[in-house]
Amino acid sequence: MKSSTELEINSVKHKVEADPSTSLLEVIRQELGLTGTKYGCGEGQCGACTVLLGGQPTRSCITTLGEAVGLPITTIEGLEKNGRLHPLQQAFLDKAALQCGYCVSGMIMSAAGLLASNPTPSEAQIVEHMSGNICRCGGYPRMVAAIKEAAEAMEGQK
Amino acid sequence: MISAEQHPIELSRRKLLKVLGSGLLVAAFVPEGLANLIDQRRGPQLPQVVSAWIHVGTDGKVTVLTGKVEVGQNARTSLTQAAAEELHISPESVRVIMGDTDLVPYDMGTFGSMTTPNMVPQIRRAAASAREALVDIASKKWGVDGKTLRVENGHVIGQKGSASFGELASGKAISAPIDAAVALTPATDWKVLGTSLPKIDAREFVTGKHVYSSDVRIPGMLHGKVLRAPSYGAKLKSIDTSKAKAMSGVHVVEEGEFIAVAAPTSHQAQQAIYAIKAEWTPAEQPSSKDIFKLLRGNEQTPAPQMPADVPQIGDTYTCAYIAHVPLEPRAAVAEWKGSKVTIQTGTQRPFGVRPEVATALGIPEADVRVLVPDTGSGYGGKHSGETAIEAARIAKAVGKAVSVVWTRQEEFSFAYFRPAGVDQIYSAVKKDGTLVTWECDNYNSGPPGIETPYDVESPRVQSHPSHSPLRQGSYRCLGATFNNFARETHMDRLAHEIGMDSLEFRLKNLQKMPRLQAVLKAAAERFGWATTKAPAGHGYGLACGTDKGGYIATFVEVAVDTDTKAIRVVRAVNTFECGAILNPDHLRNQIEGGVLMGLGGALFEAIEFENGRILNNRLSRYRVPRFSDVPKLETILLDRKDLPSAGAGEAPIMAIAPAIGNAVFAATNVRLKSMPLRLPT
């Protein structure tokens, strides 16, 4: 049954009329039109749907709308500030860490979650954290390099 | 005879000028068309086969129109480079319109590594002709010899001044014929081609703004879902859709066995599917446990008998069905306007999907427009138009635009697979490494790559089709990956039989393949094949292969876990050569991507099925390569500016599996003959 819920996404509050058992992914994409967050598997295995929920990287395809209420959400659309790319977005461009690009939103959001809790991750820590995200084009080595570059850039800004 | 006025090329020329505005328009032709055009100068007949158009607008902007599509291989980028190179303009002035069946000329599809060897030269030739036409206009305008003019930065420049492409192209519409003899810039002088131009529109992708087919939203659009049979071949016995029909906002479509719903959200559509009560009569279906017996048992051509007096080393190799798992599943949005339907869908064959939809809906092809937004990958898995047909049918029935996006389970169950296969190899080799017999019979997975590159008198290879129990189709490198696995594993075995180093054995038998020799030698040196030894529990292995003009050598070090027998690739050195390199960084990306995708088929991936169901139709049950599987990867590019450029999307995948298998043998003395490679525990 539909009910009215308030969600805070990318610092903007939205009223959503939807069944609380709807996946957060479907709400973000279909109710709010933020299609940067992708569907890949529907069972939290590929990471394409990753968003930050209360700052934590979260698989939005297996998170219900009900579970997301009251926690701020950041999606890929929320990273660019005043036309300036987030260091992770810039690093993915610099390292050409994308081919078809479909996994990239989820990759960047997962990495953003990592750098928020561990600003200077080792290569092994990056690999471990990112192993829940799938890139079928095989961009993994470039993505590791991009995440390292972004971590250094963000440390440099402090 | 058809008059020039009514000729399809003339009609598309007019249509394009209407869409793009006036300016200079040049058609690129497939090589046969080129011959026709030369004849045409002597007669009135127009060339038949346009493969692409190039338009120079009055603002100086250049538009390339091609039926190729972008699925992550960065064809949009290399085609931009091709046009910019020959027109002597910056890539920013070039826009490429891809895969829109209403605007671009017919193209068979984006597969078989054909964009680089076929489309790139055609675009270059058309762009060079456009450049010469602009020079011609300037020379007439200034009354000077065209040879005294030069082209720079979107301008034609002479002693009497300079004019921009836009100025020269303005006025009435001009069509310039392509000049077959036009000079193309040699690779050694390339300024745009041969450089690592970044992916076009890359910023759109890292910001989430790029609209894939699955992201397309049209006002009033509904989300469609199709009721699936629980198993292959099951027949619908009874159906009750009353509960679904009673749900608010839900439309139910019932057309024979095609039962579908449409609703404002995919969640509601899924709830409606759950609410449908359907009874099915299952059909008898085979199981993956018996697959190789089945494929070998029902081949349509009988296997030839070997003469008994030939000294033989025979082996049988097998390969499981695997799925492409494009991260963006099949998706399509269909919108009807009157009798015409426009479909945005992720496919590698927009001109293949158009007749599929027309036939399924019983409408003329001209009433179907297919557009392909840059797509979330394909790997040979998106040749067909399932979602396009489904979206068009549901949209027609409900009278609204409809989006159909397959779930991962649907993608695993109702798309098609890389074929399972069996290879039987018989061979004989002398102690000095001379191959005297080579015979290979393939069952089901197909002939690509079955021809051996090694020197042997009268090899016999044959591919035998089987009745595949699963739907099968194209895949990156097709059957060549498995045929190469069988051959390269067998070659390794032969080298061990006669006690010869497996690199030396290959080089000795590749006298007619200097390009394969070159990649092997370069990779061996970087790897340290002759100078280092694998540590205990580790093994070194190598393999090579060639497909579609690409040459790959892969050297790996593997580690085998003594308890679990798990195979881990520690290091992989890949050398690749495909002629003159168009874009080094994107080439590297294709090689790394092919090798890493190949890790999946080598080590993990196998479709399991029983009673007409795919048992591992989800990513939690079907393992694909992840970050933690990536070895230390070294990629060496050999740039042959003296040779025509070939594609790189396919060949790099073909050597990793046999290289790993051969390394596992070196580490354990166990010869693995099946893909995926699994050591007995």
# chains A, B, ... in the order shown; residues from 1 in each chain; ligands from 1

$ interface_residues --of "chain B" --to "chain A" --cutoff "7 Å" --atoms "only C-alpha atoms" --output "PyMOL selection string"
chain B and resi 71-73+202+205-209+215+265+267+326-328+375-377+407-408+592-593+596-597+619-620+626-628

$ write_last_selection --atoms "C-alpha atoms" --output "short mmCIF file (atom, residue, chain, number, x, y, z; two decimals), in the first residue's frame"
data_model
loop_
_atom_site.label_atom_id
_atom_site.label_comp_id
_atom_site.auth_asym_id
_atom_site.auth_seq_id
_atom_site.Cartn_x
_atom_site.Cartn_y
_atom_site.Cartn_z
CA VAL B 71 28.95 -0.49 -26.25
CA GLY B 72 32.07 0.47 -24.33
CA GLN B 73 34.61 -0.46 -27.00
CA ALA B 202 33.28 10.39 -20.57
CA PHE B 205 29.29 8.70 -17.56
CA VAL B 206 31.18 9.55 -14.36
CA THR B 207 28.46 12.00 -13.33
CA GLY B 208 25.61 9.54 -13.94
CA LYS B 209 24.07 11.80 -16.56
CA ASP B 215 17.28 5.08 -18.05
CA THR B 265 6.51 1.59 -11.58
CA HIS B 267 7.61 -2.52 -8.41
CA PRO B 326 26.40 -7.41 -19.58
CA LEU B 327 26.02 -5.22 -16.51
CA GLU B 328 23.15 -3.37 -18.17
CA THR B 375 24.91 0.90 -24.18
CA GLY B 376 26.00 -0.82 -20.99
CA SER B 377 28.12 -3.38 -22.87
CA THR B 407 15.93 -8.56 -14.47
CA ARG B 408 19.28 -10.27 -14.03
CA GLU B 592 43.05 -5.73 -20.18
CA GLY B 593 39.27 -6.07 -20.42
CA LEU B 596 40.07 -10.16 -17.34
CA MET B 597 36.76 -11.25 -18.89
CA LEU B 619 25.18 -13.36 -9.64
CA SER B 620 25.21 -14.94 -6.16
CA ARG B 626 36.04 -9.40 -9.36
CA PHE B 627 38.69 -6.95 -8.13
CA SER B 628 40.23 -9.65 -5.93
#

$ residues_around --residues "Glu457 in chain B" --least-positions-apart "6" --cutoff "9 Å" --atoms "only C-alpha atoms" --output "PyMOL selection string"
chain B and resi 435-438

$ select_by_dssp --residues "range 58-94 of chain A" --states "strand (DSSP E or B)" --output "list in words"
Thr58, Arg59, Thr64, Ile73, Thr74, Lys81 and Arg84 of chain A

$ write_last_selection --atoms "N, CA and C atoms" --output "mmCIF file, in the first residue's frame"
data_model
loop_
_atom_site.group_PDB
_atom_site.id
_atom_site.type_symbol
_atom_site.label_atom_id
_atom_site.label_comp_id
_atom_site.auth_asym_id
_atom_site.auth_seq_id
_atom_site.Cartn_x
_atom_site.Cartn_y
_atom_site.Cartn_z
ATOM 1 N N THR A 58 25.777 1.628 0.426
ATOM 2 C CA THR A 58 24.623 0.747 0.631
ATOM 3 C C THR A 58 24.078 0.301 -0.717
ATOM 4 N N ARG A 59 23.720 -0.981 -0.810
ATOM 5 C CA ARG A 59 23.126 -1.501 -2.045
ATOM 6 C C ARG A 59 21.641 -1.124 -2.050
ATOM 7 N N THR A 64 14.945 -1.317 1.405
ATOM 8 C CA THR A 64 13.594 -0.838 1.100
ATOM 9 C C THR A 64 13.490 0.652 1.412
ATOM 10 N N ILE A 73 20.709 10.575 2.029
ATOM 11 C CA ILE A 73 21.160 9.725 0.925
ATOM 12 C C ILE A 73 21.993 10.569 -0.038
ATOM 13 N N THR A 74 23.114 10.012 -0.477
ATOM 14 C CA THR A 74 23.876 10.658 -1.554
ATOM 15 C C THR A 74 23.939 9.708 -2.730
ATOM 16 N N LYS A 81 30.017 19.323 -7.384
ATOM 17 C CA LYS A 81 29.605 20.545 -6.667
ATOM 18 C C LYS A 81 29.949 21.774 -7.516
ATOM 19 N N ARG A 84 32.113 21.390 -10.373
ATOM 20 C CA ARG A 84 33.423 20.777 -10.101
ATOM 21 C C ARG A 84 33.221 19.312 -9.769
#
